[in-house]
$ cat input_36.txt   # compact mmCIF, C-alpha atoms
# COMPACT_ATOMS: atom_id res chain seq x y z
CA MET G 1 50.60 -55.63 -103.59
CA ASN G 2 50.17 -53.75 -100.29
CA LYS G 3 53.28 -53.61 -98.14
CA LEU G 4 53.68 -53.52 -94.37
CA TYR G 5 56.98 -52.20 -93.07
CA GLY G 6 57.40 -53.54 -89.56
CA TYR G 7 59.67 -55.29 -87.13
CA TRP G 8 58.99 -58.54 -85.33
CA ARG G 9 59.16 -57.05 -81.84
CA SER G 10 57.39 -53.76 -82.58
CA SER G 11 54.06 -53.93 -80.81
CA ALA G 12 52.60 -51.27 -83.11
CA ALA G 13 53.45 -53.45 -86.15
CA TYR G 14 52.13 -56.51 -84.28
CA ARG G 15 48.72 -54.77 -83.97
CA VAL G 16 48.54 -54.27 -87.73
CA ARG G 17 49.65 -57.84 -88.46
CA ILE G 18 46.74 -59.14 -86.36
CA ALA G 19 44.27 -56.95 -88.28
CA LEU G 20 45.60 -58.09 -91.65
CA ASN G 21 45.22 -61.71 -90.54
CA LEU G 22 41.72 -61.24 -89.10
CA LYS G 23 40.53 -59.51 -92.25
CA LYS G 24 42.49 -61.81 -94.58
CA ILE G 25 44.21 -58.92 -96.34
CA THR G 26 47.39 -59.86 -98.14
CA ALA G 27 50.41 -57.62 -97.75
CA GLN G 28 54.09 -58.14 -98.30
CA GLN G 29 55.89 -57.83 -94.99
CA LEU G 30 59.15 -55.92 -95.00
CA SER G 31 61.44 -55.81 -92.00
CA VAL G 32 62.92 -52.56 -90.71
CA HIS G 33 65.55 -53.61 -88.17
CA LEU G 34 65.12 -51.20 -85.26
CA VAL G 35 68.41 -51.99 -83.56
CA LYS G 36 71.03 -53.15 -86.10
CA GLU G 37 73.53 -50.46 -87.14
CA GLY G 38 71.80 -47.82 -85.03
CA GLY G 39 68.40 -48.65 -86.51
CA GLU G 40 67.28 -48.89 -90.13
CA GLN G 41 64.29 -46.65 -89.29
CA HIS G 42 66.69 -43.68 -89.20
CA LYS G 43 68.02 -44.27 -92.72
CA ALA G 44 67.13 -41.77 -95.44
CA THR G 45 65.28 -44.36 -97.54
CA TYR G 46 62.93 -45.20 -94.69
CA LEU G 47 62.53 -41.59 -93.55
CA ALA G 48 61.41 -40.71 -97.08
CA LEU G 49 58.53 -43.11 -96.50
CA ASN G 50 57.85 -42.25 -92.87
CA PRO G 51 59.32 -38.95 -91.62
CA GLN G 52 58.74 -39.98 -88.01
CA GLY G 53 61.16 -42.88 -88.43
CA LEU G 54 58.80 -45.26 -86.67
CA VAL G 55 57.20 -48.53 -87.67
CA PRO G 56 54.76 -49.56 -88.98
CA SER G 57 54.17 -47.99 -92.39
CA PHE G 58 51.50 -49.41 -94.64
CA VAL G 59 51.91 -48.81 -98.35
CA ILE G 60 48.86 -49.07 -100.60
CA GLU G 61 49.91 -49.85 -104.13
CA ALA G 62 48.69 -47.48 -106.85
CA GLN G 63 45.76 -48.86 -108.83
CA THR G 64 46.85 -47.23 -112.08
CA ASN G 65 50.08 -46.05 -113.69
CA VAL G 66 49.22 -42.41 -113.11
CA ASP G 67 48.53 -42.76 -109.39
CA ASP G 68 51.20 -42.77 -106.71
CA ASN G 69 51.50 -45.34 -103.97
CA VAL G 70 49.94 -44.09 -100.72
CA VAL G 71 51.88 -44.42 -97.48
CA LEU G 72 49.91 -44.63 -94.24
CA THR G 73 51.64 -44.28 -90.88
CA GLN G 74 50.66 -44.62 -87.21
CA SER G 75 49.23 -48.02 -86.32
CA ILE G 76 45.90 -46.73 -84.97
CA ALA G 77 45.31 -44.68 -88.12
CA ILE G 78 46.18 -47.73 -90.24
CA LEU G 79 43.80 -49.93 -88.22
CA GLU G 80 40.94 -47.44 -88.54
CA TYR G 81 41.62 -47.29 -92.29
CA LEU G 82 41.61 -51.07 -92.64
CA ASP G 83 38.38 -51.24 -90.66
CA GLU G 84 36.69 -48.69 -92.93
CA VAL G 85 37.85 -50.24 -96.20
CA TYR G 86 37.62 -53.91 -95.21
CA PRO G 87 34.61 -53.93 -92.88
CA GLN G 88 34.33 -57.72 -92.75
CA VAL G 89 35.53 -58.91 -89.31
CA ALA G 90 34.90 -55.47 -87.83
CA LEU G 91 37.34 -54.15 -85.25
CA LEU G 92 34.79 -51.80 -83.70
CA PRO G 93 31.24 -52.40 -82.45
CA VAL G 94 28.23 -50.75 -84.07
CA SER G 95 26.98 -48.20 -81.54
CA SER G 96 28.95 -44.99 -81.13
CA ILE G 97 29.07 -45.33 -77.35
CA ASP G 98 30.44 -48.87 -77.62
CA ARG G 99 32.94 -47.73 -80.23
CA ALA G 100 34.09 -44.97 -77.86
CA LYS G 101 34.54 -47.48 -75.05
CA VAL G 102 36.63 -49.79 -77.24
CA ARG G 103 38.68 -46.90 -78.59
CA ALA G 104 39.27 -45.63 -75.05
CA MET G 105 40.68 -49.01 -73.99
CA ALA G 106 42.86 -49.10 -77.11
CA MET G 107 44.09 -45.53 -76.53
CA SER G 108 44.87 -46.21 -72.87
CA ILE G 109 47.49 -48.59 -74.26
CA ALA G 110 48.42 -46.91 -77.55
CA CYS G 111 48.82 -43.45 -75.97
CA ASP G 112 49.47 -43.98 -72.29
CA ILE G 113 51.60 -47.11 -72.06
CA HIS G 114 53.30 -47.98 -75.32
CA PRO G 115 54.91 -44.68 -76.42
CA ILE G 116 56.34 -44.02 -72.95
CA ASN G 117 58.04 -47.43 -73.03
CA ASN G 118 59.04 -47.34 -76.67
CA LEU G 119 62.60 -48.04 -77.82
CA ARG G 120 63.48 -44.40 -78.46
CA VAL G 121 62.40 -43.38 -74.94
CA LEU G 122 64.38 -46.22 -73.37
CA GLN G 123 67.38 -45.15 -75.44
CA TYR G 124 67.02 -41.57 -74.16
CA LEU G 125 66.84 -42.83 -70.58
CA THR G 126 70.07 -44.78 -71.07
CA GLN G 127 72.02 -42.35 -73.20
CA HIS G 128 71.01 -39.00 -71.69
CA LEU G 129 69.94 -39.84 -68.15
CA GLY G 130 72.36 -42.72 -67.52
CA LEU G 131 69.70 -45.20 -66.44
CA ASP G 132 70.96 -48.75 -65.89
CA ASP G 133 69.02 -51.93 -66.70
CA GLU G 134 67.38 -51.96 -63.27
CA GLY G 135 66.24 -48.35 -63.64
CA LYS G 136 64.90 -49.06 -67.11
CA LYS G 137 63.02 -52.10 -65.85
CA ASN G 138 61.44 -50.01 -63.07
CA TRP G 139 60.40 -47.37 -65.57
CA TYR G 140 58.93 -49.92 -67.94
CA GLN G 141 57.05 -51.79 -65.23
CA HIS G 142 55.73 -48.57 -63.68
CA TRP G 143 53.86 -47.46 -66.80
CA ILE G 144 52.56 -50.91 -67.59
CA LYS G 145 51.27 -51.29 -64.04
CA GLN G 146 49.59 -47.88 -64.14
CA GLY G 147 47.84 -48.72 -67.38
CA PHE G 148 47.04 -52.35 -66.66
CA SER G 149 45.54 -51.58 -63.24
CA ALA G 150 43.00 -49.22 -64.79
CA LEU G 151 42.29 -51.59 -67.67
CA GLU G 152 41.89 -54.53 -65.29
CA GLU G 153 39.19 -52.57 -63.46
CA GLN G 154 37.37 -51.87 -66.72
CA LEU G 155 37.57 -55.53 -67.78
CA GLU G 156 36.30 -56.61 -64.36
CA ASN G 157 32.98 -54.93 -65.21
CA GLY G 158 32.91 -56.30 -68.75
CA VAL G 159 31.28 -59.41 -70.08
CA GLY G 160 32.51 -61.76 -72.76
CA GLN G 161 35.76 -63.44 -73.52
CA TYR G 162 37.60 -60.50 -75.08
CA CYS G 163 38.15 -56.88 -73.97
CA PHE G 164 34.69 -55.89 -75.14
CA GLY G 165 32.22 -58.72 -75.40
CA ASN G 166 32.62 -61.79 -77.56
CA ASP G 167 34.12 -60.17 -80.64
CA VAL G 168 37.75 -59.25 -81.04
CA THR G 169 38.14 -55.46 -81.20
CA LEU G 170 40.75 -52.77 -81.58
CA ALA G 171 41.26 -53.00 -77.80
CA ASP G 172 42.45 -56.62 -78.07
CA LEU G 173 44.74 -55.71 -80.95
CA CYS G 174 46.45 -53.21 -78.64
CA LEU G 175 46.34 -55.32 -75.49
CA ILE G 176 47.93 -58.57 -76.66
CA PRO G 177 51.14 -56.94 -78.01
CA GLN G 178 51.38 -54.94 -74.79
CA VAL G 179 51.08 -58.14 -72.72
CA TYR G 180 53.87 -59.63 -74.83
CA ASN G 181 56.07 -56.68 -73.89
CA ALA G 182 55.02 -56.82 -70.24
CA GLU G 183 56.22 -60.43 -70.13
CA ARG G 184 59.55 -59.44 -71.69
CA PHE G 185 60.04 -56.99 -68.83
CA ASN G 186 58.95 -59.50 -66.17
CA VAL G 187 55.77 -57.74 -65.08
CA ASP G 188 53.82 -59.99 -62.69
CA LEU G 189 50.66 -60.55 -64.73
CA SER G 190 48.95 -62.58 -62.01
CA LEU G 191 47.92 -59.18 -60.60
CA TYR G 192 45.67 -58.78 -63.65
CA PRO G 193 43.55 -61.93 -63.96
CA ASN G 194 41.14 -60.41 -66.48
CA ILE G 195 43.96 -59.24 -68.72
CA GLU G 196 45.50 -62.73 -68.50
CA ARG G 197 42.14 -64.27 -69.36
CA VAL G 198 41.67 -62.08 -72.45
CA ASN G 199 45.26 -62.70 -73.49
CA ARG G 200 44.76 -66.48 -73.31
CA ALA G 201 41.53 -66.24 -75.32
CA CYS G 202 43.13 -64.17 -78.09
CA LEU G 203 46.23 -66.34 -78.30
CA LYS G 204 44.00 -69.28 -79.24
CA LEU G 205 43.13 -67.53 -82.52
CA ASP G 206 45.22 -68.09 -85.63
CA ALA G 207 45.18 -64.37 -86.46
CA PHE G 208 47.02 -63.65 -83.23
CA ILE G 209 49.30 -66.70 -83.34
CA ASP G 210 50.46 -65.96 -86.87
CA ALA G 211 51.11 -62.31 -85.97
CA ALA G 212 53.14 -63.07 -82.85
CA PRO G 213 56.70 -61.72 -82.80
CA GLU G 214 58.37 -65.14 -82.55
CA ASN G 215 56.52 -66.30 -85.67
CA GLN G 216 57.86 -63.54 -87.92
CA PRO G 217 60.60 -64.28 -90.47
CA ASP G 218 62.82 -61.51 -89.04
CA ALA G 219 62.62 -62.84 -85.44
CA SER G 220 66.02 -63.42 -83.95
CA MET C 221 23.34 -31.89 -69.49
CA ASN C 222 26.59 -33.44 -70.76
CA LYS C 223 29.61 -32.82 -68.56
CA LEU C 224 33.28 -32.38 -69.44
CA TYR C 225 35.75 -32.98 -66.65
CA GLY C 226 38.94 -31.19 -67.60
CA TYR C 227 41.63 -28.81 -66.49
CA TRP C 228 42.54 -25.51 -68.08
CA ARG C 229 46.12 -26.52 -68.92
CA SER C 230 45.41 -30.13 -69.96
CA SER C 231 45.99 -30.31 -73.68
CA ALA C 232 43.82 -33.42 -73.95
CA ALA C 233 40.90 -31.52 -72.40
CA TYR C 234 41.72 -28.51 -74.61
CA ARG C 235 41.23 -30.75 -77.71
CA VAL C 236 37.74 -31.72 -76.56
CA ARG C 237 36.82 -28.13 -75.70
CA ILE C 238 37.65 -27.08 -79.27
CA ALA C 239 35.44 -29.87 -80.68
CA LEU C 240 32.51 -28.93 -78.44
CA ASN C 241 32.84 -25.32 -79.60
CA LEU C 242 33.15 -26.19 -83.29
CA LYS C 243 30.12 -28.45 -83.14
CA LYS C 244 28.19 -26.14 -80.81
CA ILE C 245 27.56 -28.90 -78.27
CA THR C 246 26.71 -27.65 -74.81
CA ALA C 247 28.42 -29.32 -71.86
CA GLN C 248 28.95 -28.26 -68.30
CA GLN C 249 32.67 -27.86 -67.69
CA LEU C 250 34.00 -29.20 -64.39
CA SER C 251 37.55 -28.56 -63.27
CA VAL C 252 39.76 -31.35 -61.93
CA HIS C 253 42.77 -29.57 -60.43
CA LEU C 254 45.74 -31.68 -61.52
CA VAL C 255 48.26 -30.15 -59.11
CA LYS C 256 46.50 -28.88 -55.95
CA GLU C 257 46.77 -31.22 -52.95
CA GLY C 258 48.63 -33.84 -54.98
CA GLY C 259 46.05 -33.78 -57.77
CA GLU C 260 42.28 -34.14 -57.61
CA GLN C 261 42.49 -36.74 -60.41
CA HIS C 262 43.82 -39.23 -57.84
CA LYS C 263 40.85 -38.85 -55.49
CA ALA C 264 38.45 -41.77 -55.12
CA THR C 265 35.47 -39.79 -56.43
CA TYR C 266 37.25 -39.03 -59.70
CA LEU C 267 38.79 -42.50 -60.03
CA ALA C 268 35.29 -43.96 -59.79
CA LEU C 269 34.53 -42.02 -62.97
CA ASN C 270 37.86 -42.54 -64.72
CA PRO C 271 40.04 -45.40 -63.36
CA GLN C 272 43.07 -44.04 -65.25
CA GLY C 273 42.95 -40.85 -63.18
CA LEU C 274 43.46 -38.72 -66.26
CA VAL C 275 41.47 -35.89 -67.80
CA PRO C 276 39.30 -35.44 -69.76
CA SER C 277 36.20 -37.47 -68.98
CA PHE C 278 33.02 -36.80 -70.92
CA VAL C 279 29.78 -37.75 -69.21
CA ILE C 280 26.67 -38.27 -71.33
CA GLU C 281 23.57 -37.74 -69.25
CA ALA C 282 21.07 -40.58 -69.22
CA GLN C 283 18.07 -39.94 -71.45
CA THR C 284 15.63 -41.73 -69.15
CA ASN C 285 15.33 -42.56 -65.46
CA VAL C 286 16.20 -46.20 -66.06
CA ASP C 287 19.41 -45.53 -67.99
CA ASP C 288 22.74 -44.78 -66.37
CA ASN C 289 24.99 -41.89 -67.31
CA VAL C 290 27.74 -42.98 -69.70
CA VAL C 291 31.32 -41.95 -69.01
CA LEU C 292 33.69 -41.69 -71.96
CA THR C 293 37.43 -41.35 -71.42
CA GLN C 294 40.50 -40.75 -73.62
CA SER C 295 40.32 -37.55 -75.65
CA ILE C 296 40.74 -39.20 -79.05
CA ALA C 297 37.94 -41.69 -78.31
CA ILE C 298 35.74 -38.80 -77.15
CA LEU C 299 36.52 -36.80 -80.31
CA GLU C 300 35.73 -39.77 -82.59
CA TYR C 301 32.46 -40.24 -80.67
CA LEU C 302 31.50 -36.59 -81.02
CA ASP C 303 32.30 -36.72 -84.72
CA GLU C 304 30.08 -39.77 -85.24
CA VAL C 305 27.13 -38.46 -83.23
CA TYR C 306 27.36 -34.77 -84.21
CA PRO C 307 28.60 -34.97 -87.81
CA GLN C 308 28.00 -31.28 -88.56
CA VAL C 309 31.39 -29.52 -88.75
CA ALA C 310 33.17 -32.83 -89.41
CA LEU C 311 36.57 -33.39 -87.83
CA LEU C 312 37.60 -35.94 -90.46
CA PRO C 313 37.55 -35.79 -94.28
CA VAL C 314 35.35 -38.10 -96.35
CA SER C 315 37.76 -40.51 -98.07
CA SER C 316 39.30 -43.27 -95.98
CA ILE C 317 42.81 -42.46 -97.17
CA ASP C 318 42.42 -38.81 -96.23
CA ARG C 319 40.94 -39.82 -92.88
CA ALA C 320 43.96 -42.04 -92.28
CA LYS C 321 46.33 -39.17 -93.09
CA VAL C 322 44.56 -36.83 -90.68
CA ARG C 323 44.41 -39.47 -87.96
CA ALA C 324 48.13 -40.20 -88.44
CA MET C 325 49.00 -36.53 -87.88
CA ALA C 326 46.74 -36.46 -84.83
CA MET C 327 48.27 -39.67 -83.44
CA SER C 328 51.83 -38.46 -84.02
CA ILE C 329 50.96 -35.84 -81.38
CA ALA C 330 48.44 -37.72 -79.22
CA CYS C 331 50.60 -40.86 -78.97
CA ASP C 332 54.17 -39.80 -79.64
CA ILE C 333 54.53 -36.34 -78.09
CA HIS C 334 51.87 -35.60 -75.53
CA PRO C 335 51.91 -38.69 -73.26
CA ILE C 336 55.71 -38.69 -72.99
CA ASN C 337 55.60 -35.08 -71.79
CA ASN C 338 52.53 -35.42 -69.63
CA LEU C 339 52.45 -34.28 -65.99
CA ARG C 340 52.74 -37.78 -64.54
CA VAL C 341 55.86 -38.56 -66.60
CA LEU C 342 57.49 -35.26 -65.62
CA GLN C 343 56.66 -36.05 -61.98
CA TYR C 344 58.34 -39.48 -62.33
CA LEU C 345 61.43 -37.86 -63.84
CA THR C 346 61.66 -35.46 -60.89
CA GLN C 347 60.67 -37.78 -58.06
CA HIS C 348 62.32 -41.05 -59.12
CA LEU C 349 65.17 -39.97 -61.40
CA GLY C 350 66.02 -36.67 -59.69
CA LEU C 351 65.80 -34.58 -62.84
CA ASP C 352 66.11 -30.83 -62.26
CA ASP C 353 64.23 -28.13 -64.18
CA GLU C 354 66.92 -27.98 -66.87
CA GLY C 355 66.79 -31.76 -67.38
CA LYS C 356 63.01 -31.67 -67.57
CA LYS C 357 63.11 -28.85 -70.11
CA ASN C 358 65.57 -30.83 -72.25
CA TRP C 359 63.32 -33.90 -72.07
CA TYR C 360 60.24 -31.91 -72.96
CA GLN C 361 61.86 -30.08 -75.83
CA HIS C 362 63.43 -33.28 -77.22
CA TRP C 363 60.09 -35.04 -77.79
CA ILE C 364 58.39 -31.95 -79.15
CA LYS C 365 61.24 -31.38 -81.59
CA GLN C 366 61.17 -35.03 -82.72
CA GLY C 367 57.45 -34.86 -83.37
CA PHE C 368 57.28 -31.36 -84.78
CA SER C 369 60.15 -31.96 -87.25
CA ALA C 370 58.27 -34.87 -88.82
CA LEU C 371 54.97 -33.00 -88.82
CA GLU C 372 56.60 -29.92 -90.33
CA GLU C 373 57.77 -32.08 -93.22
CA GLN C 374 54.26 -33.45 -93.75
CA LEU C 375 52.74 -29.95 -93.64
CA GLU C 376 55.36 -28.71 -96.11
CA ASN C 377 53.80 -30.99 -98.72
CA GLY C 378 50.25 -30.06 -97.76
CA VAL C 379 47.99 -27.44 -99.21
CA GLY C 380 45.47 -25.26 -97.44
CA GLN C 381 45.50 -23.16 -94.33
CA TYR C 382 45.10 -25.94 -91.75
CA CYS C 383 46.92 -29.25 -91.18
CA PHE C 384 44.90 -30.94 -93.90
CA GLY C 385 43.39 -28.60 -96.47
CA ASN C 386 41.00 -25.78 -95.74
CA ASP C 387 38.87 -27.48 -93.12
CA VAL C 388 39.78 -27.83 -89.47
CA THR C 389 40.38 -31.49 -88.61
CA LEU C 390 41.30 -33.75 -85.71
CA ALA C 391 44.94 -32.98 -86.55
CA ASP C 392 44.47 -29.27 -85.78
CA LEU C 393 42.65 -30.13 -82.55
CA CYS C 394 45.76 -32.02 -81.44
CA LEU C 395 48.34 -29.59 -82.84
CA ILE C 396 47.19 -26.30 -81.35
CA PRO C 397 47.19 -27.52 -77.70
CA GLN C 398 50.62 -29.05 -78.32
CA VAL C 399 51.93 -25.73 -79.66
CA TYR C 400 50.58 -24.05 -76.52
CA ASN C 401 52.64 -26.47 -74.44
CA ALA C 402 55.70 -26.08 -76.65
CA GLU C 403 55.58 -22.34 -76.00
CA ARG C 404 55.34 -22.93 -72.25
CA PHE C 405 58.57 -24.92 -72.47
CA ASN C 406 60.31 -22.33 -74.67
CA VAL C 407 60.61 -24.45 -77.80
CA ASP C 408 61.85 -22.30 -80.68
CA LEU C 409 58.88 -22.51 -83.02
CA SER C 410 60.55 -20.50 -85.78
CA LEU C 411 62.09 -23.83 -86.81
CA TYR C 412 58.60 -24.96 -87.84
CA PRO C 413 57.13 -22.24 -90.08
CA ASN C 414 54.27 -24.42 -91.32
CA ILE C 415 53.25 -25.36 -87.80
CA GLU C 416 53.37 -21.68 -86.84
CA ARG C 417 51.25 -20.81 -89.87
CA VAL C 418 48.57 -23.39 -89.03
CA ASN C 419 48.62 -22.32 -85.39
CA ARG C 420 48.01 -18.69 -86.36
CA ALA C 421 45.15 -19.68 -88.69
CA CYS C 422 43.42 -21.78 -86.02
CA LEU C 423 43.83 -19.17 -83.31
CA LYS C 424 41.77 -16.77 -85.41
CA LEU C 425 38.72 -19.00 -84.94
CA ASP C 426 36.36 -18.47 -82.00
CA ALA C 427 36.18 -22.22 -81.33
CA PHE C 428 39.93 -22.26 -80.59
CA ILE C 429 40.04 -18.89 -78.80
CA ASP C 430 37.21 -19.84 -76.44
CA ALA C 431 38.86 -23.20 -75.70
CA ALA C 432 42.29 -21.76 -74.94
CA PRO C 433 43.69 -22.48 -71.46
CA GLU C 434 43.88 -18.83 -70.40
CA ASN C 435 40.20 -18.34 -71.21
CA GLN C 436 38.95 -21.08 -68.89
CA PRO C 437 37.31 -20.23 -65.57
CA ASP C 438 39.80 -22.40 -63.64
CA ALA C 439 42.87 -20.71 -65.17
CA SER C 440 45.22 -19.40 -62.52
$ encode --input "input_36.txt" --output "C-alpha cells"
Amino acid sequence: MNKLYGYWRSSAAYRVRIALNLKKITAQQLSVHLVKEGGEQHKATYLALNPQGLVPSFVIEAQTNVDDNVVLTQSIAILEYLDEVYPQVALLPVSSIDRAKVRAMAMSIACDIHPINNLRVLQYLTQHLGLDDEGKKNWYQHWIKQGFSALEEQLENGVGQYCFGNDVTLADLCLIPQVYNAERFNVDLSLYPNIERVNRACLKLDAFIDAAPENQPDAS
Amino acid sequence: MNKLYGYWRSSAAYRVRIALNLKKITAQQLSVHLVKEGGEQHKATYLALNPQGLVPSFVIEAQTNVDDNVVLTQSIAILEYLDEVYPQVALLPVSSIDRAKVRAMAMSIACDIHPINNLRVLQYLTQHLGLDDEGKKNWYQHWIKQGFSALEEQLENGVGQYCFGNDVTLADLCLIPQVYNAERFNVDLSLYPNIERVNRACLKLDAFIDAAPENQPDAS
C-alpha cells in the first residue's frame, strides 16, 4: 500500500491528505512527530527516506519484487504527481493559462508564506535571534498578511465558490491549511472576506473535513 | 510581443530567462528595480500587474483586439506554463515519477531556500529585528546549507551531467540561480561537489550564460 508520512499540524501534509481524499486514493498514514524529542524528522531512519527532513513524504509501493519503493517528497511535487496519475477529480483546470493562474495562487502560499513561517524558521528565530512569543507572532502574522492581501485581491476578481471557479483546485489545497495556521496565530481573517468565503465553502466538503489536523489520529 | 518583468539579480526572474532562452521564445525584458527608491515593485503601476509586488511577471499579449493581455505571476507557474505551451526543449521528463523527482528538487529550492532568503525577508530582519550584516550572512548561509546538503545527497545518487540525467530540467533552472546567490553570500561551495559539477555543466550552455545576472542590460 502507498504510505504518507505526515504530521497532523503540518500544512504541507494537510494539502496531500485533502488530495488523497478528493481522489479516493488509499494510503497508510504514518506520523512523524515534528516536536517530540527534538523532532522525529531529524532521525536517521526518516532522513534516509527524505534527506530534507521535512514532511510529507509519499511512498509508492513497488509493483513487483524486483522494483524498489519510490519515495516522493515536497507536497507540490506530490500533488502534481497525484494529479497526473489519478486524473479523476482534477486539481488543475484544462487550459494552460488557467492552470498557470491556479498554480500561481498555490505558489504564492507554498513558496511565499508557508516556508517562511515553517517550524524550522520559527525555531531559528527563537534559538539564534532570541525572538520571544510576541516577536514570533508578529513575524508569522506579517507574512500571512502580505500573502493574504494579494490573494484577497485576486479572489475579489474571481468568480465561483472556490479559489478558481466552481471546482476545487491546487490553490484551495494550499489555502485551507494556511488559513488553519493563520487562525492558530490569531490573524484577523475578517480583513479577507473572500478568503473566509472560500475557506467556509471548502470546509463543507468531506475531503477537507477528514483531512483537517484535529481529525488526524496523531492530533494532540 | 510577450513581456517579462524582472530584475537582473532576481533569481526567480533568472529562472524564467533561462527557460525563454532554452525554448527560444522571444519576450521583451522590462526591468523592475527592486532597490532604487524603496523598490519599483511596490509602485501602484506594478502592483496593478502583480498584487504580490514580486518579480517576475510574464505578460502574454492579447491575440485579438477584443482579448485582454494575460499576466502570469510566480516563476514556477510561469515555467510550467511555458513547458506546456512550448514543449520543445522540455523542462520535465516524461514519466510521472521522474517528473515528481525533478519537481521535488526544484521545490526544495523554490520553496525552502529562495523565499526565506529573499530581499523582503532580509529587509524585515534588518528593519524589524535589527540584524547586522554578519547576522544576515549567517541567516542566508544557514538556509542555503540546509537545502544544498539535502540536494547534494540526492545528486550523489543521480547519474548524468545535470540535476536529473543528461537533459536540463526545471531543477537546473532553480539550482543555478541559487548557486549564483550562494556565491554572493560567500557560501563555501566546495562542500557540495555535485552541485558545483552541475553548475559548471549548465554554465557552459548559452541559454544559461545569456540569462546570467551580469549579462542583463539592467545589471549595475
$ atom_distance --input "input_36.txt" --atom1 "atom CA of Ala104 of chain G" --atom2 "atom CA of Asn222 of chain C"
18.1 Å
$ interface_residues --input "input_36.txt" --of "chain G" --to "chain C" --cutoff "8 Å" --atoms "all atoms listed in the file" --output "MDAnalysis selection string"
chainID G and resid 51:52 72:74 76:78 80:81 84:85 96:97 99:101 103:104 107:108 110:112 115:116 146:147 150:151 153:154
$ atom_distance --input "input_36.txt" --atom1 "atom CA of Ile18 of chain G" --atom2 "atom CA of Leu173 of chain G"
6.7 Å
$ atom_distance --input "input_36.txt" --atom1 "atom CA of Ile415 of chain C" --atom2 "atom CA of Ala48 of chain G"
19.7 Å
$ residues_around --input "input_36.txt" --residues "Leu205 of chain G" --least-positions-apart "4" --cutoff "12 Å" --atoms "all atoms listed in the file" --output "ChimeraX atom specification"
/G:18,21-22,162,167-168,172,176,198-201,209-212
$ residues_around --input "input_36.txt" --residues "Ala182 of chain G" --least-positions-apart "3" --cutoff "10 Å" --atoms "all atoms listed in the file" --output "PDB file with C-alpha atoms, keeping the file's coordinate frame"
ATOM      1  CA  TYR G 140      58.930 -49.920 -67.940  1.00  0.00           C
ATOM      2  CA  GLN G 141      57.050 -51.790 -65.230  1.00  0.00           C
ATOM      3  CA  ILE G 144      52.560 -50.910 -67.590  1.00  0.00           C
ATOM      4  CA  LYS G 145      51.270 -51.290 -64.040  1.00  0.00           C
ATOM      5  CA  PHE G 148      47.040 -52.350 -66.660  1.00  0.00           C
ATOM      6  CA  ILE G 176      47.930 -58.570 -76.660  1.00  0.00           C
ATOM      7  CA  PRO G 177      51.140 -56.940 -78.010  1.00  0.00           C
ATOM      8  CA  GLN G 178      51.380 -54.940 -74.790  1.00  0.00           C
ATOM      9  CA  VAL G 179      51.080 -58.140 -72.720  1.00  0.00           C
ATOM     10  CA  PHE G 185      60.040 -56.990 -68.830  1.00  0.00           C
ATOM     11  CA  ASN G 186      58.950 -59.500 -66.170  1.00  0.00           C
ATOM     12  CA  VAL G 187      55.770 -57.740 -65.080  1.00  0.00           C
ATOM     13  CA  ASP G 188      53.820 -59.990 -62.690  1.00  0.00           C
ATOM     14  CA  LEU G 189      50.660 -60.550 -64.730  1.00  0.00           C
TER      15      LEU G 189
END
$ axis_aligned_box --input "input_36.txt" --around "segment 17-21 of chain G" --padding-each-side "8 Å" --output "AutoDock Vina command-line options"
--center_x 47.0 --center_y -59.3 --center_z -89.0 --size_x 21.4 --size_y 20.8 --size_z 21.3
$ closest_residue --input "input_36.txt" --among "C:Asn435, C:Asp426, C:Val275, C:Val286" --to "Glu260 of chain C" --atoms "only C-alpha atoms"
C:Val275
$ build_atoms --input "input_36.txt" --residues "segment 424-435 of chain C" --atoms "N, CA and C atoms" --output "short mmCIF file (atom, residue, chain, number, x, y, z; two decimals), in the frame of the given file"
data_model
loop_
_atom_site.label_atom_id
_atom_site.label_comp_id
_atom_site.auth_asym_id
_atom_site.auth_seq_id
_atom_site.Cartn_x
_atom_site.Cartn_y
_atom_site.Cartn_z
N LYS C 424 42.69 -17.83 -85.00
CA LYS C 424 41.77 -16.77 -85.41
C LYS C 424 40.31 -17.19 -85.24
N LEU C 425 40.09 -18.47 -85.00
CA LEU C 425 38.72 -19.00 -84.94
C LEU C 425 38.20 -18.98 -83.50
N ASP C 426 36.96 -18.56 -83.34
CA ASP C 426 36.36 -18.47 -82.00
C ASP C 426 36.42 -19.80 -81.25
N ALA C 427 36.21 -20.90 -81.99
CA ALA C 427 36.18 -22.22 -81.33
C ALA C 427 37.51 -22.50 -80.62
N PHE C 428 38.60 -22.06 -81.21
CA PHE C 428 39.93 -22.26 -80.59
C PHE C 428 40.18 -21.22 -79.50
N ILE C 429 39.81 -19.97 -79.78
CA ILE C 429 40.04 -18.89 -78.80
C ILE C 429 39.29 -19.21 -77.50
N ASP C 430 38.03 -19.60 -77.63
CA ASP C 430 37.21 -19.84 -76.44
C ASP C 430 37.68 -21.08 -75.67
N ALA C 431 38.38 -21.98 -76.35
CA ALA C 431 38.86 -23.20 -75.70
C ALA C 431 40.25 -23.04 -75.09
N ALA C 432 40.90 -21.94 -75.37
CA ALA C 432 42.29 -21.76 -74.94
C ALA C 432 42.41 -21.79 -73.41
N PRO C 433 43.51 -22.34 -72.91
CA PRO C 433 43.69 -22.48 -71.46
C PRO C 433 43.42 -21.18 -70.70
N GLU C 434 43.99 -20.08 -71.17
CA GLU C 434 43.88 -18.83 -70.40
C GLU C 434 42.46 -18.29 -70.36
N ASN C 435 41.59 -18.80 -71.21
CA ASN C 435 40.20 -18.34 -71.21
C ASN C 435 39.25 -19.26 -70.45
#
